[in-house]
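Dumped target37.pdb below, it's PDB, C-alpha atoms:
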```pdb
ATOM      1  CA  MET A   1       0.000   0.000   0.000
ATOM      2  CA  ALA A   2       1.513   3.287  -1.067
ATOM      3  CA  ILE A   3       0.316   6.684  -0.001
ATOM      4  CA  GLU A   4       1.997   9.808  -1.279
ATOM      5  CA  VAL A   5       2.712  12.360   1.402
ATOM      6  CA  ARG A   6       3.480  15.926   0.396
ATOM      7  CA  ILE A   7       6.132  17.388   2.725
ATOM      8  CA  PRO A   8       6.307  21.155   3.392
ATOM      9  CA  THR A   9       9.587  23.028   2.911
ATOM     10  CA  ILE A  10      10.243  23.314   6.631
ATOM     11  CA  LEU A  11      10.123  19.527   7.152
ATOM     12  CA  ARG A  12      12.214  18.558   4.136
ATOM     13  CA  THR A  13      15.310  18.382   6.323
ATOM     14  CA  TYR A  14      13.840  15.038   7.429
ATOM     15  CA  THR A  15      13.285  13.752   3.886
ATOM     16  CA  ASN A  16      16.629  14.638   2.285
ATOM     17  CA  GLY A  17      14.967  17.566   0.582
ATOM     18  CA  GLU A  18      12.264  15.432  -1.040
ATOM     19  CA  LYS A  19       8.994  17.290  -1.657
ATOM     20  CA  ALA A  20       6.984  14.091  -1.418
ATOM     21  CA  VAL A  21       7.605  10.644   0.031
ATOM     22  CA  ASN A  22       5.699   7.384   0.028
ATOM     23  CA  ALA A  23       4.446   5.919   3.271
ATOM     24  CA  GLU A  24       2.087   3.238   4.489
ATOM     25  CA  GLY A  25      -0.676   2.974   7.024
ATOM     26  CA  ALA A  26      -4.342   2.147   7.330
ATOM     27  CA  THR A  27      -4.901   5.199   9.498
ATOM     28  CA  LEU A  28      -3.231   8.592   9.744
ATOM     29  CA  SER A  29      -1.760   7.502  13.061
ATOM     30  CA  ALA A  30      -0.143   4.437  11.445
ATOM     31  CA  LEU A  31       1.037   6.558   8.519
ATOM     32  CA  ILE A  32       2.801   8.985  10.854
ATOM     33  CA  ALA A  33       4.438   6.062  12.677
ATOM     34  CA  ASP A  34       5.683   4.780   9.311
ATOM     35  CA  LEU A  35       6.971   8.251   8.371
ATOM     36  CA  GLU A  36       8.796   8.458  11.691
ATOM     37  CA  ALA A  37      10.372   5.013  11.140
ATOM     38  CA  ASN A  38      11.794   6.115   7.787
ATOM     39  CA  HIS A  39      12.437   9.784   8.585
ATOM     40  CA  PRO A  40      13.330   9.927  12.284
ATOM     41  CA  GLY A  41      12.298  13.161  13.967
ATOM     42  CA  ILE A  42       9.433  14.040  11.645
ATOM     43  CA  GLY A  43       6.828  12.469  13.939
ATOM     44  CA  ASP A  44       7.577  14.920  16.698
ATOM     45  CA  ARG A  45       6.987  17.818  14.316
ATOM     46  CA  LEU A  46       3.503  16.510  13.556
ATOM     47  CA  LEU A  47       2.422  15.245  16.952
ATOM     48  CA  ASP A  48       2.335  16.760  20.389
ATOM     49  CA  ASP A  49       1.449  14.522  23.306
ATOM     50  CA  GLY A  50      -0.063  11.935  20.974
ATOM     51  CA  ASP A  51      -2.288  14.444  19.206
ATOM     52  CA  LEU A  52      -1.923  16.290  15.935
ATOM     53  CA  ARG A  53      -0.205  19.621  16.565
ATOM     54  CA  ARG A  54      -2.596  22.561  16.630
ATOM     55  CA  PHE A  55      -0.701  24.489  13.947
ATOM     56  CA  VAL A  56      -0.012  21.649  11.552
ATOM     57  CA  ASN A  57      -2.663  20.889   8.962
ATOM     58  CA  VAL A  58      -2.940  17.443   7.403
ATOM     59  CA  TYR A  59      -5.225  16.775   4.467
ATOM     60  CA  VAL A  60      -6.329  13.457   2.984
ATOM     61  CA  ASN A  61      -7.560  13.858  -0.585
ATOM     62  CA  ASP A  62      -8.077  17.587   0.103
ATOM     63  CA  GLU A  63     -10.066  17.043   3.317
ATOM     64  CA  ASP A  64      -8.694  18.532   6.524
ATOM     65  CA  VAL A  65      -8.276  15.433   8.727
ATOM     66  CA  ARG A  66      -9.799  17.307  11.665
ATOM     67  CA  PHE A  67     -13.142  16.815   9.917
ATOM     68  CA  ILE A  68     -12.651  13.137   9.069
ATOM     69  CA  GLY A  69     -11.488  11.554  12.296
ATOM     70  CA  GLY A  70      -8.129  13.152  13.005
ATOM     71  CA  LEU A  71      -5.429  10.582  13.682
ATOM     72  CA  GLU A  72      -8.018   7.821  13.232
ATOM     73  CA  ALA A  73      -8.848   8.950   9.693
ATOM     74  CA  THR A  74      -8.707   5.883   7.468
ATOM     75  CA  LEU A  75      -6.406   5.712   4.469
ATOM     76  CA  ASN A  76      -6.508   3.719   1.286
ATOM     77  CA  ASP A  77      -3.996   2.826  -1.369
ATOM     78  CA  GLY A  78      -3.513   5.771  -3.694
ATOM     79  CA  ASP A  79      -4.690   8.403  -1.226
ATOM     80  CA  GLN A  80      -2.931  11.746  -1.311
ATOM     81  CA  VAL A  81      -1.810  13.188   1.989
ATOM     82  CA  VAL A  82      -0.636  16.793   2.282
ATOM     83  CA  VAL A  83       1.083  18.265   5.326
ATOM     84  CA  LEU A  84       0.988  22.069   5.594
ATOM     85  CA  PRO A  85       1.991  24.158   8.559
ATOM     86  CA  ALA A  86      -0.625  26.754   9.457
ATOM     87  CA  VAL A  87       0.114  30.279   8.324
ATOM     88  CA  ALA A  88      -0.684  32.029  11.563
ATOM     89  CA  GLY A  89       0.637  34.338  14.202
ATOM     90  CA  GLY A  90      -0.225  37.103  16.583
TER      91      GLY A  90
ATOM     92  CA  MET B   1      13.521  42.458   0.090
ATOM     93  CA  THR B   2      12.451  44.109  -3.145
ATOM     94  CA  ILE B   3       8.780  44.735  -3.855
ATOM     95  CA  ASP B   4       7.000  46.829  -6.447
ATOM     96  CA  GLN B   5       4.947  49.868  -5.481
ATOM     97  CA  ALA B   6       1.601  48.385  -6.556
ATOM     98  CA  THR B   7       2.055  45.304  -4.351
ATOM     99  CA  TYR B   8       3.305  47.427  -1.460
ATOM    100  CA  ASP B   9       0.239  49.650  -1.780
ATOM    101  CA  ALA B  10      -2.081  46.634  -1.936
ATOM    102  CA  ILE B  11      -0.677  45.225   1.321
ATOM    103  CA  VAL B  12      -1.051  48.598   3.063
ATOM    104  CA  ALA B  13      -4.598  49.060   1.736
ATOM    105  CA  HIS B  14      -5.599  45.592   2.984
ATOM    106  CA  ALA B  15      -4.147  46.303   6.435
ATOM    107  CA  LYS B  16      -5.998  49.635   6.671
ATOM    108  CA  ARG B  17      -9.277  48.140   5.467
ATOM    109  CA  ASP B  18      -9.256  45.281   7.993
ATOM    110  CA  HIS B  19      -8.128  47.409  10.938
ATOM    111  CA  PRO B  20      -8.752  46.863  13.902
ATOM    112  CA  ASP B  21      -8.523  43.165  12.981
ATOM    113  CA  GLU B  22      -5.275  41.791  11.678
ATOM    114  CA  ALA B  23      -5.042  41.417   7.895
ATOM    115  CA  CYS B  24      -2.980  38.662   6.281
ATOM    116  CA  GLY B  25      -1.937  37.323   2.910
ATOM    117  CA  ILE B  26       0.822  36.148   0.656
ATOM    118  CA  VAL B  27       2.716  37.437  -2.341
ATOM    119  CA  ALA B  28       3.720  34.458  -4.429
ATOM    120  CA  GLY B  29       6.532  34.377  -6.938
ATOM    121  CA  PRO B  30       8.302  31.907  -9.200
ATOM    122  CA  GLU B  31      10.154  29.271  -7.161
ATOM    123  CA  GLY B  32      13.673  30.378  -6.353
ATOM    124  CA  SER B  33      13.226  33.826  -7.922
ATOM    125  CA  ASP B  34      12.784  35.813  -4.684
ATOM    126  CA  ARG B  35      10.403  38.058  -6.667
ATOM    127  CA  PRO B  36       7.043  38.753  -5.009
ATOM    128  CA  VAL B  37       4.737  39.174  -8.005
ATOM    129  CA  ARG B  38       1.322  37.637  -7.340
ATOM    130  CA  PHE B  39      -0.569  39.356  -4.527
ATOM    131  CA  ILE B  40      -3.099  37.156  -2.732
ATOM    132  CA  GLU B  41      -5.259  38.578   0.049
ATOM    133  CA  MET B  42      -6.361  35.948   2.536
ATOM    134  CA  VAL B  43      -9.206  35.965   5.023
ATOM    135  CA  ASN B  44      -8.100  36.080   8.628
ATOM    136  CA  ALA B  45     -10.078  33.063   9.860
ATOM    137  CA  ALA B  46      -9.363  34.163  13.432
ATOM    138  CA  GLY B  47     -11.068  37.541  12.753
ATOM    139  CA  SER B  48      -9.082  38.994  15.624
ATOM    140  CA  PRO B  49      -7.137  42.154  16.521
ATOM    141  CA  THR B  50      -4.416  40.025  18.116
ATOM    142  CA  PHE B  51      -4.211  36.862  16.006
ATOM    143  CA  TYR B  52      -4.309  35.769  12.401
ATOM    144  CA  GLU B  53      -4.661  32.405  10.749
ATOM    145  CA  PHE B  54      -5.386  31.380   7.166
ATOM    146  CA  ASP B  55      -8.463  29.182   6.913
ATOM    147  CA  SER B  56      -7.188  25.609   6.515
ATOM    148  CA  THR B  57      -9.219  24.852   3.380
ATOM    149  CA  GLU B  58      -8.180  28.120   1.718
ATOM    150  CA  LEU B  59      -4.591  27.438   2.747
ATOM    151  CA  LEU B  60      -4.586  24.115   0.900
ATOM    152  CA  ALA B  61      -6.235  25.647  -2.182
ATOM    153  CA  LEU B  62      -3.614  28.408  -2.205
ATOM    154  CA  TYR B  63      -0.677  26.027  -1.913
ATOM    155  CA  LYS B  64      -2.022  23.699  -4.594
ATOM    156  CA  GLU B  65      -2.357  26.685  -6.905
ATOM    157  CA  MET B  66       1.225  27.719  -6.169
ATOM    158  CA  TRP B  67       2.515  24.168  -6.768
ATOM    159  CA  ASP B  68       0.699  24.039 -10.091
ATOM    160  CA  ASN B  69       2.307  27.363 -11.067
ATOM    161  CA  ASP B  70       5.779  26.452  -9.728
ATOM    162  CA  GLU B  71       5.447  29.312  -7.277
ATOM    163  CA  GLU B  72       6.304  29.713  -3.633
ATOM    164  CA  PRO B  73       5.305  32.219  -0.950
ATOM    165  CA  VAL B  74       7.923  34.952  -1.354
ATOM    166  CA  VAL B  75       6.215  37.323   1.085
ATOM    167  CA  VAL B  76       3.965  36.351   3.988
ATOM    168  CA  TYR B  77       2.383  39.501   5.373
ATOM    169  CA  HIS B  78       0.158  40.415   8.278
ATOM    170  CA  SER B  79      -0.695  43.507  10.245
ATOM    171  CA  HIS B  80      -0.385  44.486  13.857
ATOM    172  CA  THR B  81      -3.122  46.888  14.794
ATOM    173  CA  ALA B  82      -2.053  48.082  18.247
ATOM    174  CA  THR B  83       1.652  47.315  18.410
ATOM    175  CA  GLU B  84       4.787  47.938  16.372
ATOM    176  CA  ALA B  85       5.568  46.151  13.104
ATOM    177  CA  TYR B  86       7.851  43.632  14.751
ATOM    178  CA  PRO B  87       7.248  39.857  14.938
ATOM    179  CA  SER B  88       5.537  38.804  18.160
ATOM    180  CA  ARG B  89       6.589  35.759  20.126
ATOM    181  CA  THR B  90       3.708  33.880  18.454
ATOM    182  CA  ASP B  91       4.793  35.061  14.993
ATOM    183  CA  ILE B  92       8.282  33.731  15.637
ATOM    184  CA  GLY B  93       7.060  30.429  17.068
ATOM    185  CA  LEU B  94       4.732  29.735  14.145
ATOM    186  CA  ALA B  95       6.891  31.004  11.273
ATOM    187  CA  SER B  96       7.211  28.002   8.983
ATOM    188  CA  GLU B  97       8.405  29.341   5.641
ATOM    189  CA  PRO B  98      12.196  29.634   5.888
ATOM    190  CA  ASN B  99      12.420  31.088   2.364
ATOM    191  CA  ALA B 100       9.792  33.774   2.883
ATOM    192  CA  HIS B 101      10.091  37.428   3.755
ATOM    193  CA  TYR B 102       7.779  38.082   6.684
ATOM    194  CA  VAL B 103       6.275  41.525   6.196
ATOM    195  CA  LEU B 104       4.719  43.281   9.169
ATOM    196  CA  VAL B 105       2.560  46.360   8.771
ATOM    197  CA  SER B 106       1.416  48.362  11.768
ATOM    198  CA  THR B 107      -1.814  50.320  11.523
ATOM    199  CA  ARG B 108      -1.650  51.537  15.135
ATOM    200  CA  GLU B 109      -1.083  55.195  14.143
ATOM    201  CA  HIS B 110      -3.860  55.864  11.646
ATOM    202  CA  GLY B 111      -6.129  52.815  11.697
ATOM    203  CA  ASN B 112      -8.505  52.807   8.726
ATOM    204  CA  ASN B 113      -7.493  56.315   7.712
ATOM    205  CA  ASP B 114      -4.935  57.733   5.340
ATOM    206  CA  GLY B 115      -1.479  58.284   6.683
ATOM    207  CA  PRO B 116       1.815  56.511   6.847
ATOM    208  CA  VAL B 117       2.173  52.999   8.247
ATOM    209  CA  GLU B 118       5.180  51.090   9.487
ATOM    210  CA  PHE B 119       6.104  48.527   6.823
ATOM    211  CA  ARG B 120       8.986  46.240   7.790
ATOM    212  CA  SER B 121      10.349  42.927   6.593
ATOM    213  CA  TYR B 122      12.087  40.039   8.345
ATOM    214  CA  ARG B 123      13.523  36.606   7.890
ATOM    215  CA  ILE B 124      12.382  34.253  10.606
ATOM    216  CA  ILE B 125      14.397  31.048  10.672
ATOM    217  CA  ASP B 126      14.608  28.597  13.584
ATOM    218  CA  GLY B 127      13.270  31.204  15.959
ATOM    219  CA  GLU B 128      15.780  33.828  14.880
ATOM    220  CA  VAL B 129      14.518  37.151  13.530
ATOM    221  CA  THR B 130      16.607  39.185  11.104
ATOM    222  CA  GLU B 131      15.231  42.483   9.870
ATOM    223  CA  GLU B 132      16.014  43.378   6.261
ATOM    224  CA  GLU B 133      15.840  46.510   4.175
ATOM    225  CA  VAL B 134      12.723  47.028   2.049
ATOM    226  CA  THR B 135      13.295  48.384  -1.453
ATOM    227  CA  VAL B 136      10.180  49.571  -3.248
ATOM    228  CA  THR B 137      10.529  49.686  -7.020
ATOM    229  CA  THR B 138       8.410  51.769  -9.321
ATOM    230  CA  THR B 139       9.156  49.449 -12.203
ATOM    231  CA  GLU B 140       6.524  46.868 -12.953
ATOM    232  CA  THR B 141       8.082  43.522 -11.968
ATOM    233  CA  ARG B 142       5.062  41.475 -12.947
ATOM    234  CA  HIS B 143       5.695  38.841 -15.592
ATOM    235  CA  PRO B 144       3.323  36.438 -17.271
ATOM    236  CA  ALA B 145       3.126  33.127 -15.384
TER     237      ALA B 145
END
```
Hey, can you dump this file as structure tokens for me?
Amino acid sequence: MAIEVRIPTILRTYTNGEKAVNAEGATLSALIADLEANHPGIGDRLLDDGDLRRFVNVYVNDEDVRFIGGLEATLNDGDQVVVLPAVAGG
Amino acid sequence: MTIDQATYDAIVAHAKRDHPDEACGIVAGPEGSDRPVRFIEMVNAAGSPTFYEFDSTELLALYKEMWDNDEEPVVVYHSHTATEAYPSRTDIGLASEPNAHYVLVSTREHGNNDGPVEFRSYRIIDGEVTEEEVTVTTTETRHPA
């Protein structure tokens, strides 16, 4: 099962500069664990205390995962995952 | 950071219009060019005088558009409406575009009215803020995509 994950500029230090990598997982949680196994350190940039970080957006096939189950969102072969840090501040 | 007068004026106008809430947006440019050419106003989903955030759905749409055009965010701008045009602790903590120029506009002096504003630009990388000179060009730097 291959799922393409689009990596934002700021996290490409973990992927040798690659803009997109393939990963596996039946849920977003499993996918992030797989990303972490292959790109150590990236998991911590996505998760905080076992939850998705407030200012990191993850989309599955253009849907913000917060609306489709968060870390429990289910994934299928061929899905497109995009990681985008929020553009926000004070 | 070099920006053309029309784009500079558009950022200032947006900041004045949205005062007292913070205004925000991006100026995209060809990847690697460091030229801010395509001005994109964004909605501040936080609708707040002390915070800004792009709506997550609009954020994705914007980035997909930029990827399709081989563009990147050259300028990320927002306004401060009661404080100086200097990145706040939150701005620094959340800055996530190491290649972007972070433009801060302060509308604290004149609000929605005419009058000068502070317009300053910074690099924010790994929590470190470096202010940079802003050069406004009168020449049209816009090129066909």
Given the file shown, enumerate the residues that the ChimeraX specification (/B :<8) & /A captures and present them as number ranges by chain.
-> A: 9-10, 55, 57, 62-64, 84-90
Can you list, as number ranges by chain, every protein, DNA or RNA residue that comes within 12 Å of Arg17 (chain B) when you count all atoms listed in the file, leaving out same-chain residues fewer than 3 positions away?
-> B: 10-14, 20-24, 41, 79, 81, 107, 110-114
For the residues in the current selection, export C-alpha atoms as a PDB file, keeping the file's coordinate frame.
```
ATOM      1  CA  ALA B  10      -2.081  46.634  -1.936  1.00  0.00           C
ATOM      2  CA  ILE B  11      -0.677  45.225   1.321  1.00  0.00           C
ATOM      3  CA  VAL B  12      -1.051  48.598   3.063  1.00  0.00           C
ATOM      4  CA  ALA B  13      -4.598  49.060   1.736  1.00  0.00           C
ATOM      5  CA  HIS B  14      -5.599  45.592   2.984  1.00  0.00           C
ATOM      6  CA  PRO B  20      -8.752  46.863  13.902  1.00  0.00           C
ATOM      7  CA  ASP B  21      -8.523  43.165  12.981  1.00  0.00           C
ATOM      8  CA  GLU B  22      -5.275  41.791  11.678  1.00  0.00           C
ATOM      9  CA  ALA B  23      -5.042  41.417   7.895  1.00  0.00           C
ATOM     10  CA  CYS B  24      -2.980  38.662   6.281  1.00  0.00           C
ATOM     11  CA  GLU B  41      -5.259  38.578   0.049  1.00  0.00           C
ATOM     12  CA  SER B  79      -0.695  43.507  10.245  1.00  0.00           C
ATOM     13  CA  THR B  81      -3.122  46.888  14.794  1.00  0.00           C
ATOM     14  CA  THR B 107      -1.814  50.320  11.523  1.00  0.00           C
ATOM     15  CA  HIS B 110      -3.860  55.864  11.646  1.00  0.00           C
ATOM     16  CA  GLY B 111      -6.129  52.815  11.697  1.00  0.00           C
ATOM     17  CA  ASN B 112      -8.505  52.807   8.726  1.00  0.00           C
ATOM     18  CA  ASN B 113      -7.493  56.315   7.712  1.00  0.00           C
ATOM     19  CA  ASP B 114      -4.935  57.733   5.340  1.00  0.00           C
TER      20      ASP B 114
END
```
Evaluating the PyMOL selection byres ((chain B and resi 9) around 12) on the displayed file yields which residues, as a CSV table (one decimal) with C-alpha atoms, keeping the file's coordinate frame?
```
chain,number,residue,atom,x,y,z
B,3,ILE,CA,8.8,44.7,-3.9
B,4,ASP,CA,7.0,46.8,-6.4
B,5,GLN,CA,4.9,49.9,-5.5
B,6,ALA,CA,1.6,48.4,-6.6
B,7,THR,CA,2.1,45.3,-4.4
B,8,TYR,CA,3.3,47.4,-1.5
B,10,ALA,CA,-2.1,46.6,-1.9
B,11,ILE,CA,-0.7,45.2,1.3
B,12,VAL,CA,-1.1,48.6,3.1
B,13,ALA,CA,-4.6,49.1,1.7
B,14,HIS,CA,-5.6,45.6,3.0
B,15,ALA,CA,-4.1,46.3,6.4
B,16,LYS,CA,-6.0,49.6,6.7
B,39,PHE,CA,-0.6,39.4,-4.5
B,105,VAL,CA,2.6,46.4,8.8
B,114,ASP,CA,-4.9,57.7,5.3
B,116,PRO,CA,1.8,56.5,6.8
B,117,VAL,CA,2.2,53.0,8.2
B,119,PHE,CA,6.1,48.5,6.8
B,136,VAL,CA,10.2,49.6,-3.2
B,137,THR,CA,10.5,49.7,-7.0
B,138,THR,CA,8.4,51.8,-9.3
```
Just say which residues the PyMOL selection byres ((chain A and resi 14-26) around 7) picks in this file, as a PyMOL selection string.
-> chain A and resi 1-8+11-13+27-28+30-31+34-35+39+41-42+74-76
Mind giving me the straight-line distance from CA of Gly69 (chain A) to CA of Arg45 (chain A) in Å, one decimal?
->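 Between CA of Gly69 (chain A) and CA of Arg45 (chain A) the gap works out to 19.6 Å.
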